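Raw contents of data.cif, mmCIF, C-alpha atoms:
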```
data_work
#
loop_
_atom_site.label_atom_id
_atom_site.label_comp_id
_atom_site.auth_asym_id
_atom_site.auth_seq_id
_atom_site.Cartn_x
_atom_site.Cartn_y
_atom_site.Cartn_z
CA MET R 1 80.14 90.73 122.03
CA ALA R 2 81.66 91.81 125.34
CA GLU R 3 79.85 94.04 127.82
CA GLU R 4 79.94 97.69 126.87
CA SER R 5 82.08 98.71 129.84
CA THR R 6 85.14 96.80 128.61
CA ALA R 7 84.83 97.95 125.00
CA ILE R 8 87.72 100.24 124.10
CA ASP R 9 87.04 102.46 121.13
CA PRO R 10 90.24 102.89 119.09
CA MET R 11 88.65 105.75 117.12
CA HIS R 12 88.02 107.92 120.17
CA GLN R 13 91.49 109.47 119.94
CA PHE R 14 90.57 111.11 116.64
CA GLN R 15 87.58 113.05 117.99
CA VAL R 16 87.90 116.77 117.63
CA GLN R 17 86.82 118.33 120.90
CA THR R 18 86.01 121.95 121.47
CA ILE R 19 88.15 123.73 124.03
CA ALA R 20 86.64 127.21 123.67
CA ASP R 21 83.76 128.48 121.56
CA LEU R 22 84.93 131.59 119.79
CA PHE R 23 82.35 133.01 117.38
CA THR R 24 80.02 131.99 114.59
CA ILE R 25 80.18 132.79 110.89
CA GLY R 26 76.68 132.31 109.54
CA ASP R 27 75.58 129.06 111.14
CA THR R 28 79.10 127.65 111.43
CA GLN R 29 80.65 127.51 114.86
CA ILE R 30 84.29 128.60 114.83
CA ALA R 31 85.87 127.07 117.92
CA PHE R 32 89.32 126.56 119.39
CA THR R 33 89.61 122.76 119.33
CA ASN R 34 92.16 120.28 120.58
CA SER R 35 93.29 119.98 116.95
CA ALA R 36 94.01 123.73 116.81
CA ALA R 37 95.69 123.56 120.22
CA TRP R 38 98.14 120.90 119.01
CA MET R 39 98.83 122.89 115.86
CA VAL R 40 99.77 125.83 118.08
CA ALA R 41 101.90 123.51 120.21
CA THR R 42 103.65 122.23 117.06
CA VAL R 43 104.37 125.75 115.82
CA VAL R 44 105.68 126.82 119.23
CA ALA R 45 107.89 123.73 119.52
CA LEU R 46 109.21 124.25 116.00
CA TRP R 47 109.81 127.95 116.67
CA LEU R 48 111.72 127.23 119.87
CA PHE R 49 113.72 124.51 118.13
CA MET R 50 114.74 126.84 115.32
CA LEU R 51 115.37 129.79 117.62
CA GLY R 52 117.76 127.77 119.76
CA GLY R 53 119.83 126.72 116.73
CA MET R 54 119.96 129.86 114.60
CA LYS R 55 122.73 131.64 116.53
CA GLN R 56 125.10 131.08 113.58
CA ALA R 57 128.09 130.54 115.83
CA VAL R 58 131.35 129.86 113.98
CA VAL R 59 131.86 126.76 116.09
CA PRO R 60 128.37 125.23 116.24
CA GLY R 61 127.12 123.67 119.44
CA ARG R 62 125.02 120.50 119.61
CA TRP R 63 121.72 122.32 119.11
CA GLN R 64 122.95 124.29 116.15
CA MET R 65 124.35 121.10 114.61
CA MET R 66 120.90 119.53 114.92
CA VAL R 67 119.17 122.45 113.21
CA GLU R 68 121.85 122.63 110.54
CA GLY R 69 121.47 118.90 109.99
CA PHE R 70 117.79 119.44 109.17
CA THR R 71 118.38 122.49 106.97
CA GLY R 72 121.20 120.72 105.14
CA PHE R 73 119.03 117.64 104.63
CA VAL R 74 116.15 119.61 103.12
CA THR R 75 118.50 121.76 101.03
CA LYS R 76 120.01 118.61 99.56
CA LEU R 77 116.53 117.25 98.87
CA VAL R 78 115.49 120.44 97.07
CA ASP R 79 118.74 120.74 95.09
CA GLU R 80 118.55 117.14 93.91
CA ASN R 81 114.88 117.12 93.00
CA ILE R 82 114.06 120.61 91.75
CA GLY R 83 117.50 121.50 90.47
CA LYS R 84 117.99 124.90 88.89
CA GLY R 85 115.78 127.62 90.41
CA GLY R 86 114.80 125.37 93.30
CA ARG R 87 116.25 127.44 96.11
CA LYS R 88 113.31 129.88 96.15
CA TYR R 89 111.02 127.01 97.22
CA LEU R 90 113.37 125.96 100.02
CA PRO R 91 111.60 127.97 102.78
CA TYR R 92 108.23 126.44 101.87
CA ILE R 93 109.47 122.87 101.65
CA PHE R 94 111.52 123.22 104.83
CA SER R 95 108.51 124.60 106.75
CA LEU R 96 106.31 121.83 105.36
CA PHE R 97 108.78 119.10 106.29
CA MET R 98 109.46 120.39 109.81
CA PHE R 99 105.78 121.12 110.53
CA ILE R 100 104.68 117.62 109.51
CA LEU R 101 107.62 115.99 111.28
CA PHE R 102 106.97 117.85 114.53
CA ALA R 103 103.21 117.24 114.30
CA ASN R 104 103.73 113.50 113.80
CA LEU R 105 106.26 113.24 116.61
CA LEU R 106 104.28 115.37 119.07
CA GLY R 107 101.27 113.13 118.44
CA MET R 108 103.41 110.14 119.50
CA LEU R 109 104.41 111.61 122.88
CA PRO R 110 103.16 109.48 125.81
CA LEU R 111 101.64 112.51 127.55
CA GLY R 112 98.48 110.48 128.24
CA LEU R 113 100.33 109.25 131.35
CA VAL R 114 99.96 112.70 132.90
CA GLY R 115 96.41 113.16 131.65
CA LEU R 116 97.24 115.36 128.65
CA HIS R 117 96.11 113.37 125.62
CA PRO R 118 98.10 114.19 122.48
CA PHE R 119 96.10 114.72 119.34
CA THR R 120 97.80 113.89 116.03
CA PHE R 121 96.22 116.45 113.74
CA THR R 122 98.03 114.98 110.73
CA SER R 123 95.65 112.04 111.13
CA HIS R 124 92.83 114.22 109.80
CA PHE R 125 92.25 114.55 106.09
CA THR R 126 91.07 118.15 106.53
CA VAL R 127 94.57 119.10 107.73
CA THR R 128 96.67 117.01 105.34
CA GLY R 129 94.28 117.89 102.51
CA VAL R 130 94.90 121.61 103.05
CA LEU R 131 98.67 121.01 103.10
CA ALA R 132 98.36 119.04 99.85
CA ILE R 133 96.19 121.75 98.26
CA MET R 134 98.83 124.34 99.21
CA SER R 135 101.55 122.31 97.47
CA PHE R 136 99.35 121.67 94.45
CA SER R 137 98.37 125.35 94.16
CA ILE R 138 102.04 126.28 94.04
CA VAL R 139 102.54 123.76 91.22
CA LEU R 140 99.59 125.11 89.23
CA ILE R 141 100.38 128.80 89.81
CA VAL R 142 104.09 128.42 89.02
CA GLY R 143 103.37 126.19 86.03
CA PHE R 144 100.87 128.50 84.36
CA TRP R 145 102.81 131.63 85.37
CA LYS R 146 106.09 130.42 83.86
CA HIS R 147 104.92 128.43 80.85
CA GLY R 148 101.42 129.69 80.10
CA LEU R 149 99.43 127.18 78.06
CA LYS R 150 102.66 125.31 77.24
CA PHE R 151 102.21 123.83 80.73
CA PHE R 152 99.80 121.34 79.13
CA SER R 153 102.75 119.78 77.29
CA LEU R 154 103.51 118.21 80.69
CA PHE R 155 100.74 115.73 79.88
CA VAL R 156 102.33 114.58 76.62
CA PRO R 157 105.66 112.82 77.23
CA HIS R 158 108.38 113.25 74.63
CA GLY R 159 108.23 110.86 71.72
CA THR R 160 104.56 109.93 72.08
CA PRO R 161 103.20 108.69 68.70
CA VAL R 162 100.61 111.10 67.31
CA PRO R 163 97.63 108.69 67.36
CA MET R 164 98.31 108.00 71.05
CA ILE R 165 98.36 111.67 72.10
CA PRO R 166 94.65 112.09 73.03
CA LEU R 167 94.67 108.91 75.13
CA ILE R 168 98.01 109.64 76.84
CA PHE R 169 96.95 113.24 77.47
CA PHE R 170 93.77 112.03 79.18
CA ILE R 171 95.59 109.44 81.33
CA GLU R 172 98.32 111.89 82.33
CA LEU R 173 95.70 114.52 83.16
CA ILE R 174 93.92 112.11 85.51
CA SER R 175 97.16 111.07 87.18
CA PHE R 176 98.07 114.76 87.57
CA ALA R 177 94.69 115.64 89.04
CA PHE R 178 94.94 112.75 91.51
CA ARG R 179 98.21 114.07 92.95
CA PRO R 180 96.80 116.32 95.71
CA PHE R 181 94.50 113.52 96.88
CA SER R 182 97.30 110.96 96.99
CA LEU R 183 99.58 113.44 98.75
CA GLY R 184 97.08 114.24 101.50
CA LEU R 185 95.69 110.73 101.73
CA ARG R 186 99.08 109.08 102.24
CA LEU R 187 100.01 111.14 105.27
CA PHE R 188 96.53 110.96 106.78
CA VAL R 189 96.10 107.20 106.41
CA ALA R 190 99.64 106.34 107.49
CA MET R 191 99.22 108.28 110.74
CA THR R 192 95.64 107.11 111.35
CA ALA R 193 96.42 103.44 110.75
CA GLY R 194 99.43 103.47 113.06
CA HIS R 195 97.56 105.13 115.89
CA ILE R 196 94.57 102.78 115.55
CA LEU R 197 96.95 99.81 115.67
CA LEU R 198 98.56 101.11 118.86
CA LYS R 199 95.18 101.70 120.51
CA VAL R 200 93.86 98.28 119.51
CA LEU R 201 96.91 96.62 121.08
CA ALA R 202 96.52 98.83 124.17
CA GLY R 203 92.93 97.58 124.37
CA PHE R 204 94.24 93.98 124.29
CA VAL R 205 96.57 94.71 127.19
CA ILE R 206 93.87 96.32 129.36
CA ASN R 207 91.10 93.83 128.60
CA SER R 208 93.30 90.74 129.03
CA THR R 209 94.70 92.05 132.33
CA ASN R 210 91.17 92.68 133.58
CA ALA R 211 90.24 89.10 132.65
CA GLY R 212 92.79 87.68 135.10
CA ALA R 213 96.51 87.14 135.65
CA LEU R 214 96.66 84.14 133.31
CA TRP R 215 95.19 85.99 130.34
CA GLY R 216 97.26 89.03 131.22
CA GLY R 217 100.42 86.92 131.00
CA VAL R 218 99.45 85.04 127.83
CA VAL R 219 97.95 87.92 125.85
CA GLY R 220 98.80 91.14 127.65
CA ILE R 221 102.58 90.89 127.91
CA PRO R 222 103.17 89.87 124.25
CA SER R 223 100.79 92.63 123.15
CA PHE R 224 102.70 95.13 125.24
CA ALA R 225 106.02 93.99 123.77
CA LEU R 226 104.52 94.36 120.30
CA MET R 227 103.31 97.86 121.23
CA VAL R 228 106.83 98.92 122.16
CA GLY R 229 108.14 97.66 118.82
CA ILE R 230 105.34 99.27 116.85
CA SER R 231 105.85 102.57 118.68
CA ALA R 232 109.44 102.55 117.43
CA LEU R 233 108.15 101.75 113.95
CA GLU R 234 105.71 104.66 114.22
CA VAL R 235 108.53 107.08 114.98
CA LEU R 236 110.20 105.81 111.79
CA VAL R 237 106.92 106.22 109.86
CA ALA R 238 106.52 109.77 111.21
CA GLY R 239 109.90 110.67 109.74
CA ILE R 240 109.37 108.80 106.46
CA GLN R 241 105.96 110.35 105.85
CA ALA R 242 107.26 113.88 106.44
CA TYR R 243 110.17 113.10 104.09
CA VAL R 244 107.89 111.62 101.43
CA PHE R 245 105.55 114.62 101.59
CA ALA R 246 108.46 117.03 101.11
CA LEU R 247 110.01 114.81 98.41
CA LEU R 248 106.83 114.52 96.36
CA THR R 249 106.11 118.26 96.74
CA SER R 250 109.56 119.08 95.38
CA LEU R 251 109.12 116.57 92.53
CA TYR R 252 105.81 118.16 91.54
CA ILE R 253 107.37 121.62 91.73
CA HIS R 254 110.16 120.31 89.48
CA ASP R 255 107.52 119.40 86.90
CA ALA R 256 106.08 122.91 87.10
CA GLU R 257 109.49 124.59 86.87
CA HIS R 258 111.06 122.56 84.07
CA LEU R 259 108.07 120.72 82.48
CA HIS R 260 110.12 117.58 81.72
CA MET S 261 72.97 88.23 104.80
CA ASP S 262 71.99 91.72 105.88
CA ALA S 263 73.69 94.86 104.63
CA GLU S 264 75.61 95.50 107.86
CA ALA S 265 77.26 92.08 107.77
CA ALA S 266 78.13 92.52 104.11
CA LYS S 267 79.84 95.84 104.89
CA LEU S 268 81.95 94.26 107.62
CA ILE S 269 82.93 91.33 105.39
CA GLY S 270 83.86 93.79 102.66
CA ALA S 271 85.97 95.79 105.09
CA GLY S 272 87.73 92.59 106.13
CA LEU S 273 88.36 91.66 102.51
CA ALA S 274 89.91 95.10 101.98
CA ALA S 275 92.66 94.02 104.38
CA ILE S 276 93.94 91.73 101.58
CA GLY S 277 94.97 94.93 99.83
CA ALA S 278 97.14 95.89 102.78
CA GLY S 279 98.93 92.53 102.55
CA MET S 280 99.45 93.02 98.80
CA ALA S 281 100.98 96.44 99.47
CA ALA S 282 103.30 94.73 101.96
CA ILE S 283 104.58 92.56 99.08
CA GLY S 284 105.05 95.70 96.99
CA VAL S 285 106.94 97.62 99.67
CA GLY S 286 109.08 94.59 100.43
CA SER S 287 109.92 94.22 96.76
CA VAL S 288 110.88 97.90 96.50
CA PHE S 289 113.24 97.83 99.47
CA GLY S 290 114.49 94.30 98.72
CA ASN S 291 115.45 95.16 95.17
CA PHE S 292 117.05 98.40 96.32
CA LEU S 293 119.17 96.56 98.89
CA GLN S 294 120.13 93.90 96.40
CA SER S 295 121.42 96.42 93.89
CA ALA S 296 122.86 98.68 96.59
CA LEU S 297 125.03 95.81 97.79
CA ARG S 298 126.22 95.18 94.24
CA ASN S 299 127.15 98.84 93.73
CA PRO S 300 127.34 100.65 97.08
CA GLY S 301 128.85 103.73 95.42
CA ALA S 302 125.67 104.45 93.49
CA ALA S 303 123.29 103.63 96.34
CA ASP S 304 123.13 107.01 98.07
CA SER S 305 122.27 108.91 94.91
CA GLN S 306 119.24 106.67 94.33
CA GLN S 307 117.64 107.12 97.72
CA GLY S 308 115.15 109.68 96.40
CA ARG S 309 113.94 107.21 93.76
CA LEU S 310 113.73 104.52 96.44
CA PHE S 311 111.31 106.59 98.46
CA ILE S 312 109.24 107.54 95.40
CA GLY S 313 108.79 103.85 94.67
CA PHE S 314 108.04 103.18 98.31
CA ALA S 315 105.45 105.99 98.39
CA ALA S 316 103.70 104.70 95.28
CA ALA S 317 103.56 101.11 96.53
CA GLU S 318 102.44 102.19 99.98
CA LEU S 319 99.70 104.48 98.70
CA LEU S 320 97.88 101.58 97.05
CA GLY S 321 97.86 99.66 100.32
CA LEU S 322 96.63 102.72 102.18
CA LEU S 323 93.78 102.98 99.68
CA ALA S 324 92.67 99.53 100.85
CA PHE S 325 92.54 100.92 104.39
CA VAL S 326 90.47 103.86 103.15
CA VAL S 327 88.05 101.44 101.47
CA ALA S 328 87.67 99.56 104.76
CA MET S 329 87.10 102.80 106.71
CA ILE S 330 84.50 104.00 104.19
CA LEU S 331 82.69 100.67 104.38
CA ILE S 332 82.59 100.73 108.20
CA PHE S 333 81.95 104.39 108.94
CA VAL S 334 80.47 106.01 105.83
CA ALA S 335 78.61 103.52 103.64
#
```
Go ahead and express the file in the form of structure tokens.
Amino acid sequence: MAEESTAIDPMHQFQVQTIADLFTIGDTQIAFTNSAAWMVATVVALWLFMLGGMKQAVVPGRWQMMVEGFTGFVTKLVDENIGKGGRKYLPYIFSLFMFILFANLLGMLPLGLVGLHPFTFTSHFTVTGVLAIMSFSIVLIVGFWKHGLKFFSLFVPHGTPVPMIPLIFFIELISFAFRPFSLGLRLFVAMTAGHILLKVLAGFVINSTNAGALWGGVVGIPSFALMVGISALEVLVAGIQAYVFALLTSLYIHDAEHLH
Amino acid sequence: MDAEAAKLIGAGLAAIGAGMAAIGVGSVFGNFLQSALRNPGAADSQQGRLFIGFAAAELLGLLAFVVAMILIFVA
């Protein structure tokens, strides 16, 4: 192994650091962390973005076109996937989509150059898990509220032969119960894996440059070129993951609204 | 072989799962493109299904990553 001074820890970026200790509940310290700070930054950025584009001018400017592009996109998503009665979920799904999108993109900003290290809070399962639980709670509450115990017919597809019903019911129940985990896990792992990859490549660049100009040229420059490409890919992944989260949430809500 | 080495080997083997998911994701997008080029008129309406398939295929690869992370940091 190399000496400890040159070791670059790709997991360091995910450490939650306390900015201000606030108070304790029982023995649990409630603190304002860098994770919370970036959530606040995301909300403020999103709020400013929406505020700038909600003037409802008859002839929209560039900013308003951008905001209306996003609202139109999510409206189309909801209309196609929930269908009838889907519009009442539009505010939730739009907030979810924009919050995740802004969080992912803010985490990608190269602010480390000026000493302000971005923290991608969507790379923590505690955060994405809570978002997934929120979506799943809506599905459960709406499902049982609207259909009562008939909601369980969701687990028996139409035309299932009678002897197969117990088995199918069990399998469908497991796949249903796994949904919040898969929803939260997908976003968390996709963001974590991408950021680790970028940091590992950044470690290659720094270590190879420190080892001399030859190694810097042979290893460092190709690694850096790869980093640029993967950064572009990560921006794409940030958008796709936000889209997939909103898409799957609306699909699950469709199940709760219409059963099948 | 001590337990620590076995964990690291297991985490490395879990990377095979990521490669398998790459085949899955490639097959999803490849098949979509193939049929989208045959019938471009119907392509836009199927984009939602495309991403559902992509999400399902991708999730299984991400689970391999989770297995590796659990082996390195938790187990």
Exercise. So how many Å separate atom CA of Leu236 of chain R and atom CA of Met280 of chain S, to one decimal?
Worked result: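 We find that atom CA of Leu236 of chain R and atom CA of Met280 of chain S lie 21.2 Å from each other.
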Exercise. Gln306 of chain S: which residues within 12 Å, counting all atoms listed in the file, same-chain residues fewer than 6 positions away excluded, as a ChimeraX atom specification?
Worked result: /R:77,80-81 /S:289,292-293,295-296,299-300,312-313
Which residues would end up in the selection if the PyMOL selection byres ((chain R) within 7 of (chain S)) were applied here, given that I need the answer as an mmCIF file with C-alpha atoms, in the frame of the given file?
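Final output, selection11.cif:
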```cif
data_model
loop_
_atom_site.group_PDB
_atom_site.id
_atom_site.type_symbol
_atom_site.label_atom_id
_atom_site.label_comp_id
_atom_site.auth_asym_id
_atom_site.auth_seq_id
_atom_site.Cartn_x
_atom_site.Cartn_y
_atom_site.Cartn_z
ATOM 1 C CA ARG R 186 99.080 109.080 102.240
ATOM 2 C CA VAL R 189 96.100 107.200 106.410
ATOM 3 C CA VAL R 244 107.890 111.620 101.430
#
```
Problem set entry | For atom CA of Lys150 of chain R and atom CA of Glu257 of chain R, the interatomic separation in Å (one decimal) |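 Atom CA of Glu257 of chain R lies at a distance of 11.8 Å from atom CA of Lys150 of chain R.
Within 12 Å of Val228 of chain R, once only C-alpha atoms are used and residues closer than 5 positions along the same chain are dropped, the contacting residues are R:Pro110, R:Leu197, R:Leu198, R:Leu201, R:Ala202, R:Ile221, R:Pro222, R:Ser223, R:Leu233, R:Glu234, R:Val235.
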Resulting file, chosen residues, C-alpha atoms, as a PDB file, in the coordinates of the input:
```pdb
ATOM      1  CA  PRO R 110     103.160 109.480 125.810  1.00  0.00           C
ATOM      2  CA  LEU R 197      96.950  99.810 115.670  1.00  0.00           C
ATOM      3  CA  LEU R 198      98.560 101.110 118.860  1.00  0.00           C
ATOM      4  CA  LEU R 201      96.910  96.620 121.080  1.00  0.00           C
ATOM      5  CA  ALA R 202      96.520  98.830 124.170  1.00  0.00           C
ATOM      6  CA  ILE R 221     102.580  90.890 127.910  1.00  0.00           C
ATOM      7  CA  PRO R 222     103.170  89.870 124.250  1.00  0.00           C
ATOM      8  CA  SER R 223     100.790  92.630 123.150  1.00  0.00           C
ATOM      9  CA  LEU R 233     108.150 101.750 113.950  1.00  0.00           C
ATOM     10  CA  GLU R 234     105.710 104.660 114.220  1.00  0.00           C
ATOM     11  CA  VAL R 235     108.530 107.080 114.980  1.00  0.00           C
TER      12      VAL R 235
END
```
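Take the candidates R:Ala20, R:Val139, R:Met65, R:Leu96 and check each one against Ile253 of chain R using all atoms listed in the file; the shortest distance goes to R:Val139.
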Exercise. What is the distance between atom CA of Thr249 of chain R and atom CA of Ser175 of chain R, in Å to one decimal?
Worked result: 14.9 Å
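Against this structure, the PyMOL selection byres ((chain S and resi 267) around 12) ends up with S:Met261, S:Asp262, S:Ala263, S:Glu264, S:Ala265, S:Ala266, S:Leu268, S:Ile269, S:Gly270, S:Ala271, S:Gly272, S:Leu273, S:Ala274, S:Val327, S:Ala328, S:Met329, S:Ile330, S:Leu331, S:Ile332, S:Phe333, S:Val334, S:Ala335.
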Applying 9 Å and all atoms listed in the file, which residues near Val156 of chain R remain after dropping the ones on its own chain fewer than 3 positions away? List them as a PDB file with C-alpha atoms, in the coordinates of the input.
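As written to disk, part.pdb reads:
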```pdb
ATOM      1  CA  PHE R 152      99.800 121.340  79.130  1.00  0.00           C
ATOM      2  CA  SER R 153     102.750 119.780  77.290  1.00  0.00           C
ATOM      3  CA  GLY R 159     108.230 110.860  71.720  1.00  0.00           C
ATOM      4  CA  THR R 160     104.560 109.930  72.080  1.00  0.00           C
ATOM      5  CA  ILE R 165      98.360 111.670  72.100  1.00  0.00           C
ATOM      6  CA  PRO R 166      94.650 112.090  73.030  1.00  0.00           C
ATOM      7  CA  ILE R 168      98.010 109.640  76.840  1.00  0.00           C
ATOM      8  CA  PHE R 169      96.950 113.240  77.470  1.00  0.00           C
ATOM      9  CA  GLU R 172      98.320 111.890  82.330  1.00  0.00           C
TER      10      GLU R 172
END
```
Spell out the residues picked by the PyMOL selection byres ((chain R and resi 36-46) around 9) here, as a tab-separated table (two decimals) with C-alpha atoms, in the coordinates of the input.
```tsv
chain	number	residue	atom	x	y	z
R	19	ILE	CA	88.15	123.73	124.03
R	31	ALA	CA	85.87	127.07	117.92
R	32	PHE	CA	89.32	126.56	119.39
R	33	THR	CA	89.61	122.76	119.33
R	34	ASN	CA	92.16	120.28	120.58
R	35	SER	CA	93.29	119.98	116.95
R	47	TRP	CA	109.81	127.95	116.67
R	48	LEU	CA	111.72	127.23	119.87
R	49	PHE	CA	113.72	124.51	118.13
R	50	MET	CA	114.74	126.84	115.32
R	51	LEU	CA	115.37	129.79	117.62
R	98	MET	CA	109.46	120.39	109.81
R	99	PHE	CA	105.78	121.12	110.53
R	100	ILE	CA	104.68	117.62	109.51
R	102	PHE	CA	106.97	117.85	114.53
R	103	ALA	CA	103.21	117.24	114.30
R	106	LEU	CA	104.28	115.37	119.07
R	107	GLY	CA	101.27	113.13	118.44
R	118	PRO	CA	98.10	114.19	122.48
R	119	PHE	CA	96.10	114.72	119.34
R	120	THR	CA	97.80	113.89	116.03
R	121	PHE	CA	96.22	116.45	113.74
```
Problem set entry | Residues near Met54 of chain R, cut-off 10 Å, only C-alpha atoms, skip fewer than 5 positions along chain, as a VMD selection string | chain R and resid 49 60 63 to 65 67 to 68
Please output segment 270-296 of chain S, rebuilt to include N, CA and C atoms, as a PDB file, in the coordinates of the input.
```pdb
ATOM      1  N   GLY S 270      83.132  93.036 103.678  1.00  0.00           N
ATOM      2  CA  GLY S 270      83.860  93.790 102.660  1.00  0.00           C
ATOM      3  C   GLY S 270      85.051  94.514 103.246  1.00  0.00           C
ATOM      4  N   ALA S 271      84.862  95.090 104.440  1.00  0.00           N
ATOM      5  CA  ALA S 271      85.970  95.790 105.090  1.00  0.00           C
ATOM      6  C   ALA S 271      87.092  94.814 105.420  1.00  0.00           C
ATOM      7  N   GLY S 272      86.710  93.595 105.845  1.00  0.00           N
ATOM      8  CA  GLY S 272      87.730  92.590 106.130  1.00  0.00           C
ATOM      9  C   GLY S 272      88.464  92.182 104.875  1.00  0.00           C
ATOM     10  N   LEU S 273      87.722  92.035 103.772  1.00  0.00           N
ATOM     11  CA  LEU S 273      88.360  91.660 102.510  1.00  0.00           C
ATOM     12  C   LEU S 273      89.330  92.736 102.045  1.00  0.00           C
ATOM     13  N   ALA S 274      89.018  94.009 102.399  1.00  0.00           N
ATOM     14  CA  ALA S 274      89.910  95.100 101.980  1.00  0.00           C
ATOM     15  C   ALA S 274      91.279  94.947 102.618  1.00  0.00           C
ATOM     16  N   ALA S 275      91.364  94.211 103.735  1.00  0.00           N
ATOM     17  CA  ALA S 275      92.660  94.020 104.380  1.00  0.00           C
ATOM     18  C   ALA S 275      93.610  93.228 103.491  1.00  0.00           C
ATOM     19  N   ILE S 276      93.073  92.434 102.526  1.00  0.00           N
ATOM     20  CA  ILE S 276      93.940  91.730 101.580  1.00  0.00           C
ATOM     21  C   ILE S 276      94.822  92.728 100.844  1.00  0.00           C
ATOM     22  N   GLY S 277      94.216  93.901 100.539  1.00  0.00           N
ATOM     23  CA  GLY S 277      94.970  94.930  99.830  1.00  0.00           C
ATOM     24  C   GLY S 277      96.175  95.392 100.624  1.00  0.00           C
ATOM     25  N   ALA S 278      96.018  95.465 101.946  1.00  0.00           N
ATOM     26  CA  ALA S 278      97.140  95.890 102.780  1.00  0.00           C
ATOM     27  C   ALA S 278      98.272  94.873 102.690  1.00  0.00           C
ATOM     28  N   GLY S 279      97.916  93.568 102.673  1.00  0.00           N
ATOM     29  CA  GLY S 279      98.930  92.530 102.550  1.00  0.00           C
ATOM     30  C   GLY S 279      99.634  92.601 101.202  1.00  0.00           C
ATOM     31  N   MET S 280      98.861  92.889 100.145  1.00  0.00           N
ATOM     32  CA  MET S 280      99.450  93.020  98.800  1.00  0.00           C
ATOM     33  C   MET S 280     100.441  94.179  98.771  1.00  0.00           C
ATOM     34  N   ALA S 281     100.065  95.297  99.436  1.00  0.00           N
ATOM     35  CA  ALA S 281     100.980  96.440  99.470  1.00  0.00           C
ATOM     36  C   ALA S 281     102.244  96.070 100.233  1.00  0.00           C
ATOM     37  N   ALA S 282     102.117  95.184 101.221  1.00  0.00           N
ATOM     38  CA  ALA S 282     103.300  94.730 101.960  1.00  0.00           C
ATOM     39  C   ALA S 282     104.265  94.038 101.011  1.00  0.00           C
ATOM     40  N   ILE S 283     103.724  93.212 100.087  1.00  0.00           N
ATOM     41  CA  ILE S 283     104.580  92.560  99.080  1.00  0.00           C
ATOM     42  C   ILE S 283     105.273  93.623  98.239  1.00  0.00           C
ATOM     43  N   GLY S 284     104.488  94.657  97.839  1.00  0.00           N
ATOM     44  CA  GLY S 284     105.050  95.700  96.990  1.00  0.00           C
ATOM     45  C   GLY S 284     106.174  96.451  97.682  1.00  0.00           C
ATOM     46  N   VAL S 285     105.928  96.855  98.940  1.00  0.00           N
ATOM     47  CA  VAL S 285     106.940  97.620  99.670  1.00  0.00           C
ATOM     48  C   VAL S 285     108.173  96.761  99.903  1.00  0.00           C
ATOM     49  N   GLY S 286     107.955  95.492 100.231  1.00  0.00           N
ATOM     50  CA  GLY S 286     109.080  94.590 100.430  1.00  0.00           C
ATOM     51  C   GLY S 286     109.896  94.446  99.162  1.00  0.00           C
ATOM     52  N   SER S 287     109.206  94.367  98.026  1.00  0.00           N
ATOM     53  CA  SER S 287     109.920  94.220  96.760  1.00  0.00           C
ATOM     54  C   SER S 287     110.729  95.468  96.438  1.00  0.00           C
ATOM     55  N   VAL S 288     110.155  96.661  96.750  1.00  0.00           N
ATOM     56  CA  VAL S 288     110.880  97.900  96.500  1.00  0.00           C
ATOM     57  C   VAL S 288     112.171  97.940  97.304  1.00  0.00           C
ATOM     58  N   PHE S 289     112.056  97.721  98.614  1.00  0.00           N
ATOM     59  CA  PHE S 289     113.240  97.830  99.470  1.00  0.00           C
ATOM     60  C   PHE S 289     114.193  96.660  99.221  1.00  0.00           C
ATOM     61  N   GLY S 290     113.645  95.469  98.972  1.00  0.00           N
ATOM     62  CA  GLY S 290     114.490  94.300  98.720  1.00  0.00           C
ATOM     63  C   GLY S 290     115.349  94.497  97.484  1.00  0.00           C
ATOM     64  N   ASN S 291     114.690  94.958  96.399  1.00  0.00           N
ATOM     65  CA  ASN S 291     115.450  95.160  95.170  1.00  0.00           C
ATOM     66  C   ASN S 291     116.473  96.266  95.326  1.00  0.00           C
ATOM     67  N   PHE S 292     116.087  97.306  96.108  1.00  0.00           N
ATOM     68  CA  PHE S 292     117.050  98.400  96.320  1.00  0.00           C
ATOM     69  C   PHE S 292     118.279  97.869  97.052  1.00  0.00           C
ATOM     70  N   LEU S 293     118.033  97.091  98.117  1.00  0.00           N
ATOM     71  CA  LEU S 293     119.170  96.560  98.890  1.00  0.00           C
ATOM     72  C   LEU S 293     120.045  95.670  98.033  1.00  0.00           C
ATOM     73  N   GLN S 294     119.380  94.828  97.235  1.00  0.00           N
ATOM     74  CA  GLN S 294     120.130  93.900  96.400  1.00  0.00           C
ATOM     75  C   GLN S 294     121.087  94.657  95.472  1.00  0.00           C
ATOM     76  N   SER S 295     120.543  95.708  94.814  1.00  0.00           N
ATOM     77  CA  SER S 295     121.420  96.420  93.890  1.00  0.00           C
ATOM     78  C   SER S 295     122.369  97.352  94.626  1.00  0.00           C
ATOM     79  N   ALA S 296     121.966  97.819  95.832  1.00  0.00           N
ATOM     80  CA  ALA S 296     122.860  98.680  96.590  1.00  0.00           C
ATOM     81  C   ALA S 296     124.083  97.899  97.059  1.00  0.00           C
TER      82      ALA S 296
END
```
